[in-house]
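Asks: Contents of final-v4.cif (mmCIF, C-alpha atoms and all ligand atoms) are below:
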```cif
data_my_file
#
loop_
_atom_site.label_atom_id
_atom_site.label_comp_id
_atom_site.auth_asym_id
_atom_site.auth_seq_id
_atom_site.Cartn_x
_atom_site.Cartn_y
_atom_site.Cartn_z
CA MET W 1 -4.42 -18.89 10.91
CA LYS W 2 -3.27 -18.65 7.34
CA ILE W 3 0.42 -17.75 6.95
CA LEU W 4 2.07 -16.45 3.79
CA ILE W 5 5.84 -16.77 3.38
CA LEU W 6 7.76 -14.77 0.76
CA GLY W 7 10.85 -16.53 -0.62
CA SER W 8 11.98 -19.68 -2.37
CA GLY W 9 15.00 -21.16 -0.61
CA GLY W 10 15.95 -23.61 2.11
CA ARG W 11 15.29 -20.95 4.72
CA GLU W 12 11.71 -20.58 3.51
CA HIS W 13 11.21 -24.36 3.45
CA ALA W 14 12.37 -24.49 7.08
CA LEU W 15 10.09 -21.56 7.98
CA ALA W 16 7.13 -23.25 6.29
CA TRP W 17 7.89 -26.51 8.13
CA ALA W 18 8.19 -24.72 11.49
CA VAL W 19 5.01 -22.63 11.17
CA LYS W 20 3.09 -25.72 10.04
CA ARG W 21 3.88 -27.32 13.38
CA SER W 22 2.02 -24.51 15.19
CA GLN W 23 -1.40 -25.55 16.54
CA ARG W 24 -2.72 -22.20 15.40
CA VAL W 25 -1.82 -22.57 11.72
CA SER W 26 -4.37 -24.00 9.32
CA GLU W 27 -2.77 -23.11 5.98
CA VAL W 28 0.62 -22.09 4.64
CA VAL W 29 1.08 -20.28 1.33
CA CYS W 30 4.54 -19.66 -0.08
CA ALA W 31 5.49 -17.34 -2.93
CA PRO W 32 7.20 -18.32 -5.07
CA GLY W 33 8.30 -21.41 -3.10
CA ASN W 34 10.08 -24.43 -4.60
CA GLY W 35 9.57 -28.13 -5.31
CA GLY W 36 9.98 -29.17 -1.67
CA ILE W 37 7.89 -26.37 -0.21
CA ALA W 38 5.08 -27.36 -2.62
CA GLU W 39 4.71 -30.60 -0.65
CA ILE W 40 3.69 -28.74 2.53
CA ALA W 41 2.34 -25.41 1.27
CA ARG W 42 0.40 -23.94 -1.62
CA CYS W 43 2.94 -22.20 -3.86
CA LEU W 44 2.12 -19.14 -5.97
CA PRO W 45 4.41 -17.41 -8.44
CA VAL W 46 5.68 -13.92 -7.59
CA ASP W 47 8.67 -11.75 -8.45
CA LEU W 48 10.52 -10.96 -5.20
CA LYS W 49 11.84 -7.73 -6.77
CA ASP W 50 8.34 -6.42 -7.54
CA VAL W 51 6.81 -4.80 -4.45
CA ALA W 52 3.50 -3.99 -6.17
CA ALA W 53 3.07 -7.61 -7.29
CA MET W 54 3.83 -8.94 -3.81
CA VAL W 55 1.35 -6.48 -2.28
CA ARG W 56 -1.34 -7.60 -4.77
CA LEU W 57 -0.69 -11.22 -3.85
CA VAL W 58 -0.95 -10.57 -0.11
CA GLU W 59 -4.10 -8.47 -0.58
CA ALA W 60 -5.69 -11.25 -2.61
CA GLU W 61 -4.70 -14.01 -0.14
CA GLN W 62 -5.44 -12.04 3.07
CA PRO W 63 -3.18 -14.14 5.33
CA ALA W 64 -3.26 -13.46 9.08
CA LEU W 65 0.52 -13.00 8.89
CA THR W 66 3.13 -12.56 6.14
CA ILE W 67 6.75 -13.58 6.85
CA VAL W 68 9.45 -12.11 4.61
CA GLY W 69 12.40 -14.48 4.07
CA PRO W 70 15.02 -12.81 1.83
CA GLU W 71 16.82 -9.47 1.98
CA VAL W 72 15.86 -8.09 -1.45
CA PRO W 73 12.13 -7.53 -0.77
CA LEU W 74 13.03 -6.10 2.68
CA SER W 75 15.47 -3.65 1.10
CA LEU W 76 12.77 -2.62 -1.40
CA GLY W 77 10.33 -1.78 1.40
CA ILE W 78 7.85 -4.67 1.23
CA VAL W 79 7.21 -4.38 4.98
CA ASP W 80 6.42 -0.65 4.74
CA ALA W 81 4.12 -1.28 1.77
CA LEU W 82 2.16 -4.03 3.56
CA GLN W 83 1.96 -2.09 6.84
CA GLU W 84 0.58 0.98 5.01
CA ARG W 85 -2.31 -1.20 3.87
CA GLY W 86 -2.92 -2.54 7.35
CA LEU W 87 -1.54 -6.00 6.52
CA ARG W 88 0.27 -7.85 9.31
CA VAL W 89 3.87 -8.67 8.42
CA PHE W 90 7.00 -9.95 10.17
CA GLY W 91 10.24 -8.22 9.14
CA PRO W 92 12.04 -4.86 9.38
CA THR W 93 11.02 -1.74 7.46
CA ARG W 94 13.18 -0.54 4.61
CA ALA W 95 14.94 1.96 6.90
CA ALA W 96 15.67 -0.70 9.55
CA ALA W 97 16.81 -3.21 6.90
CA MET W 98 19.58 -0.76 5.97
CA LEU W 99 21.66 -2.50 8.63
CA GLU W 100 22.02 -5.15 5.91
CA SER W 101 21.35 -3.29 2.64
CA SER W 102 24.05 -0.64 3.16
CA LYS W 103 27.33 -1.75 4.68
CA GLY W 104 28.41 1.91 4.90
CA PHE W 105 25.30 2.71 6.95
CA ALA W 106 25.95 -0.32 9.19
CA LYS W 107 29.60 0.63 9.83
CA ARG W 108 28.77 4.25 10.67
CA PHE W 109 25.91 3.08 12.90
CA LEU W 110 28.24 0.69 14.75
CA GLN W 111 30.75 3.49 15.27
CA ARG W 112 28.08 5.98 16.46
CA HIS W 113 26.96 3.48 19.08
CA ASN W 114 30.39 2.19 20.13
CA ILE W 115 29.62 -1.38 19.10
CA PRO W 116 32.76 -3.43 18.41
CA THR W 117 33.61 -3.87 14.72
CA ALA W 118 36.65 -3.78 12.42
CA ASN W 119 38.22 -0.37 11.65
CA TYR W 120 36.98 0.93 8.33
CA ALA W 121 36.76 3.72 5.79
CA VAL W 122 33.84 4.47 3.42
CA CYS W 123 34.89 5.92 0.04
CA ALA W 124 32.81 7.31 -2.82
CA THR W 125 35.53 8.48 -5.25
CA ALA W 126 38.98 7.51 -6.54
CA ALA W 127 40.43 10.46 -4.61
CA GLU W 128 38.92 9.16 -1.35
CA ILE W 129 40.27 5.69 -2.10
CA GLU W 130 43.81 7.11 -2.57
CA ARG W 131 43.45 9.14 0.62
CA ASP W 132 42.17 6.33 2.87
CA ILE W 133 43.98 3.24 1.63
CA ASP W 134 47.11 4.01 3.67
CA PHE W 135 45.24 3.55 6.93
CA PHE W 136 45.17 -0.20 6.16
CA TYR W 137 47.74 -2.99 6.01
CA PRO W 138 47.22 -6.05 3.81
CA PRO W 139 45.28 -8.25 3.81
CA ILE W 140 42.71 -5.51 3.23
CA VAL W 141 38.99 -6.33 3.13
CA VAL W 142 37.16 -4.45 0.35
CA LYS W 143 33.37 -4.44 0.40
CA ALA W 144 30.65 -3.18 -1.90
CA ASP W 145 28.10 -1.06 -0.04
CA GLY W 146 24.98 -2.80 -1.40
CA LEU W 147 23.46 -6.29 -1.48
CA HIS W 148 25.37 -8.85 -3.56
CA ALA W 149 24.39 -12.28 -2.18
CA GLY W 150 27.80 -12.84 -0.61
CA LYS W 151 29.82 -11.74 -3.66
CA GLY W 152 30.44 -8.17 -2.49
CA VAL W 153 33.38 -8.91 -0.15
CA ILE W 154 36.89 -9.25 -1.58
CA ILE W 155 40.00 -9.86 0.51
CA CYS W 156 43.06 -8.24 -1.13
CA GLU W 157 46.64 -9.24 -0.46
CA SER W 158 48.21 -5.92 -1.47
CA ARG W 159 47.56 -2.19 -1.34
CA HIS W 160 47.58 -2.13 -5.14
CA ALA W 161 44.98 -4.93 -5.44
CA ALA W 162 42.75 -3.21 -2.86
CA ILE W 163 42.81 0.09 -4.79
CA GLU W 164 42.08 -1.68 -8.07
CA THR W 165 39.22 -3.73 -6.55
CA ALA W 166 37.68 -0.65 -4.93
CA GLU W 167 37.83 1.28 -8.21
CA GLU W 168 36.31 -1.63 -10.11
CA LEU W 169 33.44 -1.77 -7.59
CA LEU W 170 32.74 1.95 -8.12
CA SER W 171 32.92 1.69 -11.91
CA GLY W 172 30.70 -1.39 -12.03
CA ARG W 173 33.36 -3.50 -13.76
CA LEU W 174 33.50 -6.04 -10.92
CA LEU W 175 29.85 -6.74 -10.08
CA GLY W 176 28.02 -5.43 -13.12
CA ALA W 177 26.33 -2.52 -11.35
CA LYS W 178 28.07 0.65 -10.14
CA GLU W 179 28.49 0.98 -6.39
CA SER W 180 27.96 4.40 -4.84
CA HIS W 181 30.36 3.57 -2.01
CA VAL W 182 33.05 1.03 -1.17
CA ILE W 183 34.31 0.09 2.27
CA PHE W 184 37.85 -0.77 3.31
CA GLU W 185 38.12 -2.84 6.43
CA GLU W 186 40.74 -4.14 8.76
CA PHE W 187 41.12 -7.92 8.32
CA LEU W 188 39.88 -9.74 11.41
CA GLU W 189 40.99 -13.21 12.45
CA GLY W 190 39.10 -15.75 14.53
CA ASP W 191 36.11 -18.07 14.46
CA GLU W 192 32.92 -16.80 12.85
CA ILE W 193 29.60 -17.22 14.64
CA SER W 194 26.11 -16.48 13.37
CA PHE W 195 24.31 -14.94 16.33
CA LEU W 196 20.64 -14.44 15.46
CA CYS W 197 18.12 -12.67 17.67
CA LEU W 198 14.46 -11.85 17.46
CA SER W 199 13.71 -8.20 18.13
CA ASP W 200 10.45 -6.40 18.88
CA GLY W 201 12.10 -3.00 18.49
CA LYS W 202 13.00 -2.78 22.20
CA HIS W 203 13.95 -6.23 23.45
CA VAL W 204 16.01 -9.02 21.96
CA ALA W 205 15.73 -12.78 22.37
CA PRO W 206 18.68 -14.83 21.12
CA LEU W 207 18.17 -17.92 18.97
CA VAL W 208 20.62 -20.80 19.40
CA PRO W 209 24.00 -19.94 17.81
CA ALA W 210 25.23 -21.48 14.57
CA GLN W 211 28.38 -21.70 12.52
CA ASP W 212 28.25 -21.48 8.73
CA HIS W 213 30.76 -23.00 6.28
CA LYS W 214 30.98 -20.43 3.50
CA ARG W 215 33.68 -21.87 1.27
CA ILE W 216 32.86 -24.41 -1.42
CA GLY W 217 35.81 -26.73 -0.70
CA GLU W 218 36.64 -29.08 2.14
CA GLY W 219 39.01 -27.63 4.72
CA ASP W 220 37.49 -24.19 3.98
CA THR W 221 39.13 -23.73 0.61
CA GLY W 222 37.97 -22.23 -2.67
CA PRO W 223 35.48 -19.46 -3.37
CA ASN W 224 32.76 -18.22 -1.02
CA THR W 225 29.21 -19.52 -1.44
CA GLY W 226 25.85 -18.73 0.11
CA GLY W 227 26.74 -21.38 2.75
CA MET W 228 27.58 -25.08 2.29
CA GLY W 229 26.52 -26.27 5.71
CA VAL W 230 26.00 -25.20 9.26
CA TYR W 231 25.82 -26.65 12.72
CA SER W 232 24.47 -25.52 16.05
CA THR W 233 25.39 -26.73 19.53
CA ASP W 234 24.98 -25.37 23.04
CA ALA W 235 28.73 -25.61 23.58
CA MET W 236 29.52 -23.10 20.80
CA LEU W 237 29.01 -20.15 23.15
CA GLU W 238 29.47 -20.11 26.93
CA PRO W 239 26.47 -18.53 28.73
CA ALA W 240 28.74 -15.65 29.83
CA MET W 241 29.77 -15.00 26.23
CA THR W 242 26.13 -15.00 25.09
CA GLU W 243 25.39 -12.43 27.83
CA TRP W 244 28.35 -10.31 26.68
CA ILE W 245 27.18 -10.34 23.05
CA LEU W 246 23.66 -9.39 24.11
CA ARG W 247 24.88 -6.51 26.34
CA HIS W 248 27.52 -5.11 23.99
CA ILE W 249 26.24 -5.91 20.51
CA ALA W 250 22.61 -7.00 20.09
CA GLU W 251 20.92 -4.79 22.71
CA PRO W 252 22.85 -1.59 21.84
CA THR W 253 22.02 -2.18 18.17
CA VAL W 254 18.28 -2.45 18.83
CA ARG W 255 18.43 0.49 21.26
CA GLY W 256 20.38 2.59 18.75
CA MET W 257 17.93 1.87 15.93
CA ALA W 258 15.01 2.86 18.18
CA GLU W 259 16.79 6.09 19.26
CA GLU W 260 17.38 6.99 15.64
CA GLY W 261 13.68 6.64 14.85
CA THR W 262 14.00 3.43 12.82
CA PRO W 263 13.14 0.66 15.30
CA PHE W 264 14.27 -2.78 14.22
CA ILE W 265 11.52 -5.41 14.35
CA GLY W 266 12.45 -8.76 12.90
CA VAL W 267 15.46 -11.06 12.97
CA LEU W 268 18.73 -9.30 13.72
CA TYR W 269 21.46 -11.57 12.40
CA CYS W 270 24.83 -10.57 13.85
CA GLY W 271 27.70 -12.07 11.86
CA LEU W 272 30.46 -12.07 14.47
CA MET W 273 34.19 -12.71 14.40
CA MET W 274 35.42 -14.06 17.73
CA THR W 275 38.73 -12.16 17.73
CA ALA W 276 41.54 -12.11 20.30
CA ARG W 277 40.07 -8.85 21.64
CA GLY W 278 36.54 -10.21 21.82
CA PRO W 279 33.55 -10.57 19.48
CA GLU W 280 33.32 -7.97 16.70
CA VAL W 281 30.56 -7.41 14.14
CA LEU W 282 31.50 -8.50 10.60
CA GLU W 283 28.09 -7.75 9.18
CA PHE W 284 24.43 -7.56 9.99
CA ASN W 285 21.65 -9.31 8.14
CA ALA W 286 18.09 -8.13 8.64
CA ARG W 287 16.53 -11.59 8.25
CA PHE W 288 16.90 -15.28 9.05
CA GLY W 289 20.17 -16.78 7.73
CA ASP W 290 20.33 -19.43 5.07
CA PRO W 291 21.28 -22.23 5.89
CA GLU W 292 21.46 -21.24 9.60
CA THR W 293 17.65 -21.23 9.85
CA GLN W 294 17.40 -24.86 8.79
CA ALA W 295 19.64 -25.98 11.69
CA ILE W 296 18.24 -23.46 14.19
CA LEU W 297 14.54 -24.18 13.63
CA LEU W 298 15.12 -27.92 13.95
CA ARG W 299 16.06 -27.19 17.57
CA LEU W 300 13.11 -24.88 18.32
CA GLU W 301 10.55 -26.54 20.59
CA SER W 302 8.28 -23.58 21.27
CA ASP W 303 5.83 -22.09 18.76
CA LEU W 304 7.51 -19.99 16.05
CA VAL W 305 4.31 -18.14 15.14
CA ASP W 306 3.82 -17.05 18.78
CA ALA W 307 7.39 -15.72 18.84
CA LEU W 308 7.08 -13.79 15.56
CA GLU W 309 3.76 -12.29 16.66
CA ALA W 310 5.32 -11.27 20.00
CA CYS W 311 7.90 -9.28 17.99
CA ILE W 312 5.22 -7.48 15.96
CA ASP W 313 3.20 -6.69 19.10
CA GLY W 314 6.13 -5.60 21.30
CA ARG W 315 5.69 -8.51 23.72
CA LEU W 316 9.01 -10.27 23.25
CA ALA W 317 10.08 -9.68 26.88
CA GLU W 318 7.19 -11.91 28.05
CA THR W 319 7.86 -14.63 25.50
CA GLU W 320 9.93 -17.69 26.18
CA LEU W 321 11.76 -19.55 23.43
CA ARG W 322 12.40 -23.20 24.25
CA TRP W 323 15.12 -25.21 22.52
CA SER W 324 15.99 -28.86 22.43
CA PRO W 325 19.36 -29.38 24.09
CA GLY W 326 22.07 -31.02 22.01
CA ALA W 327 22.90 -30.21 18.43
CA SER W 328 21.77 -29.93 14.84
CA ALA W 329 23.54 -29.82 11.52
CA CYS W 330 22.62 -28.97 7.94
CA VAL W 331 24.68 -30.26 5.01
CA VAL W 332 24.03 -28.54 1.69
CA ALA W 333 23.98 -30.50 -1.58
CA SER W 334 24.87 -28.25 -4.51
CA SER W 335 24.94 -28.53 -8.29
CA SER W 336 28.25 -29.27 -10.00
CA GLY W 337 29.88 -25.93 -10.90
CA TYR W 338 28.34 -23.88 -8.09
CA PRO W 339 29.18 -21.10 -7.05
CA GLY W 340 30.02 -20.62 -10.73
CA SER W 341 27.63 -21.61 -13.50
CA TYR W 342 25.71 -24.90 -13.33
CA GLN W 343 22.91 -26.77 -15.09
CA ASN W 344 19.35 -27.25 -13.80
CA GLY W 345 16.69 -29.87 -14.44
CA PHE W 346 18.29 -33.11 -13.19
CA PRO W 347 15.94 -35.54 -11.39
CA ILE W 348 16.56 -35.93 -7.65
CA THR W 349 16.10 -39.44 -6.22
CA GLY W 350 16.19 -40.90 -2.72
CA LEU W 351 14.34 -38.05 -0.99
CA ALA W 352 11.74 -40.29 0.66
CA ALA W 353 14.34 -42.72 2.00
CA ALA W 354 16.47 -39.82 3.30
CA ALA W 355 13.48 -38.33 5.12
CA ARG W 356 12.98 -41.65 6.98
CA VAL W 357 16.37 -41.41 8.72
CA PRO W 358 15.52 -40.55 12.37
CA GLY W 359 15.81 -36.85 13.25
CA VAL W 360 16.26 -35.80 9.60
CA GLN W 361 14.44 -33.12 7.59
CA VAL W 362 15.39 -32.51 3.98
CA PHE W 363 14.84 -28.84 3.15
CA HIS W 364 14.82 -27.88 -0.52
CA ALA W 365 16.82 -24.81 -1.54
CA GLY W 366 16.73 -24.99 -5.34
CA SER W 367 14.27 -27.55 -6.66
CA SER W 368 11.21 -27.61 -8.87
CA ARG W 369 8.40 -30.08 -9.44
CA SER W 370 7.69 -31.22 -12.99
CA ALA W 371 4.17 -31.76 -14.34
CA ASN W 372 4.36 -35.48 -13.46
CA GLY W 373 5.49 -34.79 -9.88
CA GLN W 374 9.21 -35.48 -10.38
CA ILE W 375 11.52 -33.28 -8.24
CA LEU W 376 14.24 -31.63 -10.34
CA THR W 377 17.30 -29.55 -9.50
CA ALA W 378 16.68 -25.82 -9.96
CA GLY W 379 19.50 -23.90 -8.32
CA GLY W 380 23.12 -23.79 -7.18
CA ARG W 381 22.29 -24.91 -3.68
CA VAL W 382 19.73 -27.69 -4.16
CA LEU W 383 19.04 -29.31 -0.77
CA GLY W 384 19.86 -28.81 2.91
CA VAL W 385 19.89 -32.18 4.63
CA THR W 386 19.31 -31.27 8.26
CA ALA W 387 19.36 -33.43 11.39
CA ALA W 388 19.00 -32.94 15.12
CA ALA W 389 20.40 -35.27 17.80
CA PRO W 390 21.64 -35.23 21.40
CA THR W 391 25.25 -34.70 20.21
CA LEU W 392 26.87 -33.04 17.21
CA GLU W 393 28.52 -36.33 16.19
CA GLU W 394 25.10 -38.01 16.01
CA ALA W 395 23.48 -35.08 14.21
CA LEU W 396 26.24 -35.14 11.57
CA ALA W 397 26.08 -38.93 11.26
CA ARG W 398 22.32 -38.74 10.62
CA ALA W 399 22.64 -35.92 8.09
CA TYR W 400 25.37 -37.76 6.15
CA GLU W 401 23.49 -41.07 6.33
CA ALA W 402 20.49 -39.33 4.73
CA MET W 403 22.68 -37.51 2.21
CA GLU W 404 24.17 -40.78 0.96
CA LEU W 405 20.66 -41.94 0.00
CA ILE W 406 20.09 -38.90 -2.24
CA HIS W 407 21.27 -38.63 -5.80
CA PHE W 408 21.20 -36.21 -8.73
CA GLU W 409 23.64 -35.70 -11.57
CA GLY W 410 26.62 -33.63 -10.40
CA ILE W 411 25.65 -33.71 -6.70
CA TYR W 412 28.36 -32.13 -4.55
CA TYR W 413 28.57 -31.66 -0.80
CA ARG W 414 31.26 -31.07 1.77
CA HIS W 415 32.13 -34.05 3.96
CA ASP W 416 33.60 -31.92 6.74
CA ILE W 417 30.66 -29.89 8.07
CA GLY W 418 31.14 -29.43 11.83
CA HIS W 419 34.79 -30.46 11.65
CA ARG W 420 36.00 -27.34 13.46
CA ALA W 421 33.84 -28.10 16.51
CA LEU W 422 34.78 -31.78 16.53
CA LYS W 423 38.50 -31.03 16.25
CA LYS W 424 38.44 -28.80 19.32
CA ARG W 425 37.21 -31.59 21.56
CA PRO W 426 39.89 -32.92 23.93
P1 LIG S 1 29.97 -10.23 4.88
O1 LIG S 1 29.11 -10.35 3.64
O2 LIG S 1 30.27 -8.82 5.29
O3 LIG S 1 29.55 -11.14 5.98
O4 LIG S 1 31.35 -10.90 4.47
C1 LIG S 1 31.40 -12.18 3.96
C2 LIG S 1 32.53 -12.92 4.59
O5 LIG S 1 33.76 -12.22 4.37
C3 LIG S 1 32.43 -13.02 6.11
O6 LIG S 1 31.61 -14.08 6.49
C4 LIG S 1 33.86 -13.24 6.48
O7 LIG S 1 34.24 -14.58 6.30
C5 LIG S 1 34.61 -12.37 5.50
N1 LIG S 1 34.87 -11.05 6.09
C6 LIG S 1 34.06 -9.96 6.06
N2 LIG S 1 34.62 -8.93 6.72
C7 LIG S 1 35.80 -9.36 7.18
C8 LIG S 1 36.84 -8.77 7.98
N3 LIG S 1 36.80 -7.50 8.39
N4 LIG S 1 37.91 -9.55 8.28
C9 LIG S 1 37.98 -10.83 7.86
N5 LIG S 1 37.06 -11.44 7.12
C10 LIG S 1 35.96 -10.73 6.79
N1 LIG S 2 24.41 -17.86 5.80
C1 LIG S 2 24.67 -16.50 5.57
C2 LIG S 2 23.51 -15.69 5.23
O1 LIG S 2 22.37 -16.08 5.39
O2 LIG S 2 23.70 -14.57 4.80
#
```
Reformat the file's structure so that it appears as C-alpha cells.

Replies:
Amino acid sequence: MKILILGSGGREHALAWAVKRSQRVSEVVCAPGNGGIAEIARCLPVDLKDVAAMVRLVEAEQPALTIVGPEVPLSLGIVDALQERGLRVFGPTRAAAMLESSKGFAKRFLQRHNIPTANYAVCATAAEIERDIDFFYPPIVVKADGLHAGKGVIICESRHAAIETAEELLSGRLLGAKESHVIFEEFLEGDEISFLCLSDGKHVAPLVPAQDHKRIGEGDTGPNTGGMGVYSTDAMLEPAMTEWILRHIAEPTVRGMAEEGTPFIGVLYCGLMMTARGPEVLEFNARFGDPETQAILLRLESDLVDALEACIDGRLAETELRWSPGASACVVASSSGYPGSYQNGFPITGLAAAARVPGVQVFHAGSSRSANGQILTAGGRVLGVTAAAPTLEEALARAYEAMELIHFEGIYYRHDIGHRALKKRP
C-alpha cells in the first residue's frame, strides 16, 4: 500500500513512522512534510489551506489511503472533496469536524446530548455580551468560536476584562480576524487529560490517555503553547474511569453526531478536565493531538493502518488495539522566543546520537533540510524527543538523555515534563 499523509508537524512525523511499521505499507508520501519526515517518506510541497491543490496532489499520487493530520484542511472539507472523487481518506467530513472548528457548535451539541461540560453562553453582539456576562463569576473563560491554534482561549480575572476581550474578539482587534461568535465559559479546575478515541461513526475505541503541558514555562507558568511535552501511562486513568468517559462522553458524542446526520469518522480527541464533579469536556479536536500522538503511537503495538481502515469501513468493533504496558513521554524542544516570534534556519546537531538512546524516537515538528542535507530549525516547536519504557521515570530519563545530546542555537525545553504524575506517587 502507498499512504499519503497531509501535514508537516511532529504528529505527522509520528504518523509516518507508525504507518511505515505496517507490513502492508510499501511507500509513504507526506505533503508538505518536514526535514525529519523527509528521511522516511517522500515529501511534496502543498498548501494545507488549498483544497483544490491537495485534491490534485492526491489524484496524481493515487495512494491507497490518505490520512489528514491537521485541523485546517479538515475544516475546509478536504475529506468531503476526496470522498466525492472516490478517493479513500481517513478523517471526519467538514460537518463532523465542526466539533473542533466551531466551539459554539460543540457547546450546543454537548448541551443537546447532555454530555458534561462547563456552563456557557454564545454571544454574537455587544448587546448579547452585556446580557450574558452576569451569569458568570471571575475567572471567566472567553473563547473565540473558530480555529486559532490554541490562541483563541483567554482567561479573564474580571467582568470588565471579559467584556473587553469578548468585544475585541468580535471586532477582530485581538486575533486579526473578526469572530462571528464568542463563548463565555465557567472556569473549571482540575487535571486535564487528553482522551483520544478512534471512531467509525458508530463505535469508539480509546487510545491510551495522555497529559499535555501547554504552558511554555516550568511549573506550568507563562503563556500557552501548542504543547511543550506530554506523557502517557496506564495509571493515569483507572479502568472504571475510562469506562465512565466512554459511556458518558465519547459514545454519546459519536451517537449524537450519527443521529444528527453527520457521523464522525476519525479521531475524536476529548480534552477533559477532571473536576470535583467528574470529567467534563473542555474542547473537542477532530484529529490526532500534537504532541499527544508522538507519545501515544510509541506505545501502539498493533497495526495503525488496519485500525484506520477499520474506521473507514465501519469495522472498529471487531478491531483490537494492542498497547505496550508502561509509559511514554515526549519532550518538545522549541526555538528561543516561542510562542512569540523566533528565528529559523539554525543547524541542528546530535540527532543521530539522540536516536541511538534505547527506546527513543526523535520526531521533527519544525525542521527543514538544506540542499547539502543539513537539518535546520524551521518552526516554533522544532523537535519532539519521545521515549517509551516500562515506567514513566525511565521513559523521561531516556527522553532527557537524548535531548541533552541535541543542540541548536536558542534551544529551549521544559525540564519538568511528567512532574505532576511523579509528584503524586506515594
Ligand atoms: P481549548 O482550546 O478549548 O482546549 O482551551 C485551551 C486551554 O484553555 C485548555 O487546555 C485549558 O487549559 C484552558 N481552558 C479551556 N476552557 C476552560 C475552562 N472552561 N476552564 C478552565 N480552563 C479552560
Ligand atoms: N496538544 C493539543 C492539541 O493537539 O490540540

Asks: Rank W:Gly229, W:Pro73, W:Gly271, W:Gly278 by their smallest atom-to-atom distance to Arg414 in chain W, using all atoms listed in the file, and report the top residue only.

Replies: W:Gly229

Asks: Around all the atoms of range 202-213 of chain W listed in the file, with 8 Å of room on each side, what axis-aligned box do you get, giving centre and edge lengths in Å to one decimal, as lines of an AutoDock Vina configuration file?

Replies:
```
center_x = 21.9
center_y = -12.9
center_z = 14.9
size_x = 33.8
size_y = 36.2
size_z = 33.2
```

Asks: Considering all atoms listed in the file, can you say which of W:Asn34, W:Thr319, W:Gln23, W:Ser194 comes closest to ligand LIG 1 (chain S)?

Replies: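 Among the listed residues, W:Ser194 lies closest to ligand LIG 1 (chain S).
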
Asks: Just want the residues within 6 Å of ligand LIG 2 (chain S), written as a PyMOL selection string, counting all atoms listed in the file.

Replies: chain W and resi 226-227+289-292

Asks: Which of these residues is nearest to Ala402 in chain W, using only C-alpha atoms: W:Lys103, W:Ala144, W:Arg277, W:Val362?

Replies: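 Looking at the shortest contact to Ala402 in chain W, the residue is W:Val362.
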
Asks: Reconstruct all heavy atoms of range 173-177 of chain W from the incomplete input and present them as a tab-separated table (two decimals), in the coordinates of the input.

Replies:
```
chain	number	residue	atom	x	y	z
W	173	ARG	N	32.69	-2.46	-12.99
W	173	ARG	CA	33.36	-3.50	-13.76
W	173	ARG	C	33.36	-4.85	-13.01
W	173	ARG	O	33.35	-5.90	-13.62
W	173	ARG	CB	34.81	-3.09	-14.05
W	173	ARG	CG	35.12	-3.01	-15.54
W	173	ARG	CD	36.52	-2.46	-15.76
W	173	ARG	NE	36.72	-1.23	-14.99
W	173	ARG	CZ	37.91	-0.76	-14.61
W	173	ARG	NH1	39.01	-1.42	-14.90
W	173	ARG	NH2	38.01	0.35	-13.92
W	174	LEU	N	33.35	-4.80	-11.68
W	174	LEU	CA	33.50	-6.04	-10.92
W	174	LEU	C	32.17	-6.79	-10.73
W	174	LEU	O	32.12	-8.00	-10.87
W	174	LEU	CB	34.13	-5.75	-9.56
W	174	LEU	CG	34.84	-6.91	-8.89
W	174	LEU	CD1	35.98	-7.43	-9.73
W	174	LEU	CD2	35.35	-6.52	-7.52
W	175	LEU	N	31.11	-6.06	-10.41
W	175	LEU	CA	29.85	-6.74	-10.08
W	175	LEU	C	28.73	-6.45	-11.07
W	175	LEU	O	27.59	-6.83	-10.85
W	175	LEU	CB	29.40	-6.35	-8.66
W	175	LEU	CG	30.30	-6.80	-7.52
W	175	LEU	CD1	29.83	-6.20	-6.20
W	175	LEU	CD2	30.32	-8.32	-7.39
W	176	GLY	N	29.07	-5.73	-12.14
W	176	GLY	CA	28.02	-5.43	-13.12
W	176	GLY	C	27.38	-4.07	-12.90
W	176	GLY	O	27.30	-3.27	-13.80
W	177	ALA	N	26.97	-3.82	-11.65
W	177	ALA	CA	26.33	-2.52	-11.35
W	177	ALA	C	27.32	-1.63	-10.62
W	177	ALA	O	28.18	-2.11	-9.88
W	177	ALA	CB	25.09	-2.74	-10.51
```
